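Worksheet for the structure shown next.
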Amino acid sequence: MRQHHAGDNAGFEHVGVLLGHLKLEWLLHRFPPRLVWSLYVLINGFITIALLAILALFTKSPFVFPSLGPTAYLLFFSPLTETSSPRNTILGHAIGLICGYAAFSLTGASNMPFGFHAGIYGPRVLAAALSLSTTGAFMVLLRASHPPAGATTLIVSLGIISHPRELVIIEVAVFLLVAQALVINRLAGLPYPLWNSHRDTSVP
């Protein structure tokens, strides 16, 4: 008879609800809960990114970018935390995009195309430091903490993706990812919020 540690089921109940909707609850009787949970994250992560990748393929636009990966992980591994709420996800990436582009433009890093300079390029190093620090500061001020936004701002400030039109597409991709997470998490029986998970009163 299979035995599980008590902690194996912590935060796992929503996966069981979704499996019940899909008539797949027998998986819970055949495999360890943590293995089923890992498959849940794997499948949902694959579906959400694959859909955005297909959209990127047909539109030739950057609907998939590195920091979208950790965002997808948060939305399906710990969907009810404040950092995974639609508000923090959307605002966090928006802050990262704005701070990244501002740093990229103001430091002169935009004068040298990405990959053109073989060595360390001073303005680009300054842009990276400035963008990351200001992104963190604004996320604290606006109570919109979302760690993957730290990668988003570096993608922009380093010139990897820096055209204004592409920045708008990145934010649209974030909206689409959040919409997918809302549908899947609600289907799984989670009270995933439409905007904010709860009112933060810890800081006066």
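We label chains A, B, ... in the order they appear in the structure tokens, count residues from 1 in each chain, and number ligands from 1 in the order shown.
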### Message
Report as a count of residues only all protein, DNA and RNA residues lying within 9 Å of segment 44-49 of chain A, evaluated on only C-alpha atoms, omitting residues in the same chain fewer than 3 positions from it.
### Response
17
Can you list, as an mmCIF file with C-alpha atoms, in the first residue's frame, all residues belonging to segment 14-194 of chain A that DSSP tags as alpha helix (DSSP H)?
data_model
loop_
_atom_site.group_PDB
_atom_site.id
_atom_site.type_symbol
_atom_site.label_atom_id
_atom_site.label_comp_id
_atom_site.auth_asym_id
_atom_site.auth_seq_id
_atom_site.Cartn_x
_atom_site.Cartn_y
_atom_site.Cartn_z
ATOM 1 C CA HIS A 14 -6.884 22.068 -6.881
ATOM 2 C CA VAL A 15 -5.104 19.501 -9.035
ATOM 3 C CA GLY A 16 -7.431 16.817 -7.666
ATOM 4 C CA VAL A 17 -10.473 18.972 -8.506
ATOM 5 C CA LEU A 18 -9.315 19.413 -12.087
ATOM 6 C CA LEU A 19 -8.618 15.701 -12.456
ATOM 7 C CA GLY A 20 -12.142 15.040 -11.193
ATOM 8 C CA HIS A 21 -13.591 17.302 -13.901
ATOM 9 C CA LEU A 27 -4.206 8.975 -11.332
ATOM 10 C CA LEU A 28 -4.200 9.926 -7.662
ATOM 11 C CA HIS A 29 -4.654 6.288 -6.691
ATOM 12 C CA ARG A 30 -1.897 5.044 -8.977
ATOM 13 C CA PRO A 33 0.590 13.192 -5.409
ATOM 14 C CA ARG A 34 3.808 15.120 -5.991
ATOM 15 C CA LEU A 35 4.384 13.295 -9.268
ATOM 16 C CA VAL A 36 0.851 14.121 -10.420
ATOM 17 C CA TRP A 37 1.358 17.737 -9.345
ATOM 18 C CA SER A 38 4.589 17.931 -11.336
ATOM 19 C CA LEU A 39 2.773 16.591 -14.409
ATOM 20 C CA TYR A 40 0.062 19.215 -13.874
ATOM 21 C CA VAL A 41 2.663 22.000 -13.941
ATOM 22 C CA LEU A 42 4.435 20.386 -16.907
ATOM 23 C CA ILE A 43 1.310 20.039 -19.047
ATOM 24 C CA ASN A 44 -0.086 23.484 -18.272
ATOM 25 C CA GLY A 45 3.280 25.148 -18.781
ATOM 26 C CA PHE A 46 3.652 23.405 -22.125
ATOM 27 C CA ILE A 47 0.157 24.313 -23.316
ATOM 28 C CA THR A 48 0.347 27.978 -22.372
ATOM 29 C CA ILE A 49 3.795 28.591 -23.847
ATOM 30 C CA ALA A 50 3.038 26.480 -26.938
ATOM 31 C CA LEU A 51 -0.040 28.572 -27.726
ATOM 32 C CA LEU A 52 1.982 31.779 -27.441
ATOM 33 C CA ALA A 53 4.776 30.230 -29.511
ATOM 34 C CA ILE A 54 2.304 29.398 -32.288
ATOM 35 C CA LEU A 55 1.044 32.977 -32.169
ATOM 36 C CA ALA A 56 4.643 34.217 -32.377
ATOM 37 C CA LEU A 57 5.298 31.936 -35.338
ATOM 38 C CA PHE A 58 2.366 33.232 -37.352
ATOM 39 C CA THR A 59 2.774 36.904 -36.439
ATOM 40 C CA LEU A 68 7.596 34.389 -19.524
ATOM 41 C CA GLY A 69 8.832 30.956 -18.387
ATOM 42 C CA PRO A 70 9.172 31.753 -14.666
ATOM 43 C CA THR A 71 5.884 33.652 -14.812
ATOM 44 C CA ALA A 72 4.104 30.575 -16.179
ATOM 45 C CA TYR A 73 5.695 28.467 -13.437
ATOM 46 C CA LEU A 74 4.431 30.802 -10.707
ATOM 47 C CA LEU A 75 0.921 30.941 -12.148
ATOM 48 C CA PHE A 76 0.544 27.150 -12.030
ATOM 49 C CA PHE A 77 2.749 26.155 -9.081
ATOM 50 C CA PRO A 86 -3.038 39.080 -12.341
ATOM 51 C CA ARG A 87 -2.359 42.532 -10.860
ATOM 52 C CA ASN A 88 1.214 41.794 -9.833
ATOM 53 C CA THR A 89 1.964 39.826 -12.987
ATOM 54 C CA ILE A 90 0.678 42.479 -15.376
ATOM 55 C CA LEU A 91 1.986 45.510 -13.460
ATOM 56 C CA GLY A 92 5.303 43.837 -12.666
ATOM 57 C CA HIS A 93 6.137 43.193 -16.308
ATOM 58 C CA ALA A 94 4.861 46.646 -17.304
ATOM 59 C CA ILE A 95 7.189 48.243 -14.748
ATOM 60 C CA GLY A 96 10.065 46.130 -16.045
ATOM 61 C CA LEU A 97 9.372 47.137 -19.640
ATOM 62 C CA ILE A 98 9.139 50.845 -18.851
ATOM 63 C CA CYS A 99 12.225 50.919 -16.626
ATOM 64 C CA GLY A 100 14.181 48.793 -19.087
ATOM 65 C CA TYR A 101 13.374 51.017 -22.059
ATOM 66 C CA ALA A 102 14.050 54.207 -20.090
ATOM 67 C CA ALA A 103 17.455 52.920 -18.985
ATOM 68 C CA PHE A 104 18.230 51.652 -22.488
ATOM 69 C CA SER A 105 17.511 55.075 -23.980
ATOM 70 C CA LEU A 106 18.911 57.393 -21.301
ATOM 71 C CA GLY A 122 29.869 50.505 -20.490
ATOM 72 C CA PRO A 123 26.504 52.099 -21.331
ATOM 73 C CA ARG A 124 24.863 48.681 -21.556
ATOM 74 C CA VAL A 125 26.244 47.658 -18.139
ATOM 75 C CA LEU A 126 24.927 50.925 -16.678
ATOM 76 C CA ALA A 127 21.548 50.385 -18.365
ATOM 77 C CA ALA A 128 21.261 46.898 -16.887
ATOM 78 C CA ALA A 129 22.065 48.075 -13.363
ATOM 79 C CA LEU A 130 19.772 51.092 -13.616
ATOM 80 C CA SER A 131 16.852 49.141 -15.072
ATOM 81 C CA LEU A 132 16.981 46.354 -12.490
ATOM 82 C CA SER A 133 17.317 48.703 -9.525
ATOM 83 C CA THR A 134 14.490 50.984 -10.621
ATOM 84 C CA THR A 135 12.242 48.032 -11.464
ATOM 85 C CA GLY A 136 12.726 46.654 -7.966
ATOM 86 C CA ALA A 137 12.116 50.056 -6.401
ATOM 87 C CA PHE A 138 8.890 50.681 -8.316
ATOM 88 C CA MET A 139 7.562 47.194 -7.628
ATOM 89 C CA VAL A 140 8.032 47.893 -3.913
ATOM 90 C CA LEU A 141 6.438 51.353 -4.134
ATOM 91 C CA ALA A 149 9.864 41.139 -14.170
ATOM 92 C CA GLY A 150 13.501 41.504 -13.157
ATOM 93 C CA ALA A 151 14.425 39.394 -16.177
ATOM 94 C CA THR A 152 12.040 41.325 -18.431
ATOM 95 C CA THR A 153 13.711 44.634 -17.646
ATOM 96 C CA LEU A 154 17.153 43.186 -18.437
ATOM 97 C CA ILE A 155 15.926 41.811 -21.760
ATOM 98 C CA VAL A 156 14.973 45.364 -22.712
ATOM 99 C CA SER A 157 17.829 47.344 -21.162
ATOM 100 C CA PRO A 164 8.614 49.994 -28.740
ATOM 101 C CA ARG A 165 6.242 47.853 -30.823
ATOM 102 C CA GLU A 166 7.879 44.708 -29.460
ATOM 103 C CA LEU A 167 7.475 45.950 -25.896
ATOM 104 C CA VAL A 168 3.735 46.314 -26.436
ATOM 105 C CA ILE A 169 3.627 42.750 -27.792
ATOM 106 C CA ILE A 170 5.453 41.495 -24.688
ATOM 107 C CA GLU A 171 2.822 43.039 -22.430
ATOM 108 C CA VAL A 172 0.050 41.583 -24.602
ATOM 109 C CA ALA A 173 1.695 38.168 -24.205
ATOM 110 C CA VAL A 174 1.589 38.637 -20.419
ATOM 111 C CA PHE A 175 -2.135 39.453 -20.619
ATOM 112 C CA LEU A 176 -2.743 36.302 -22.686
ATOM 113 C CA LEU A 177 -0.768 34.143 -20.240
ATOM 114 C CA VAL A 178 -2.757 35.527 -17.308
ATOM 115 C CA ALA A 179 -6.023 34.848 -19.180
ATOM 116 C CA GLN A 180 -4.985 31.230 -19.750
ATOM 117 C CA ALA A 181 -4.028 30.872 -16.083
ATOM 118 C CA LEU A 182 -7.399 32.289 -15.049
ATOM 119 C CA VAL A 183 -9.284 29.729 -17.145
ATOM 120 C CA ILE A 184 -7.183 26.731 -16.092
ATOM 121 C CA ASN A 185 -6.966 27.619 -12.399
ATOM 122 C CA ARG A 186 -10.699 28.330 -12.187
ATOM 123 C CA LEU A 187 -11.383 25.012 -13.930
#
To one decimal place, how far is atom CA of Pro191 of chain A from atom CA of Pro79 of chain A in Å?
->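 Between atom CA of Pro191 of chain A and atom CA of Pro79 of chain A the gap works out to 9.3 Å.
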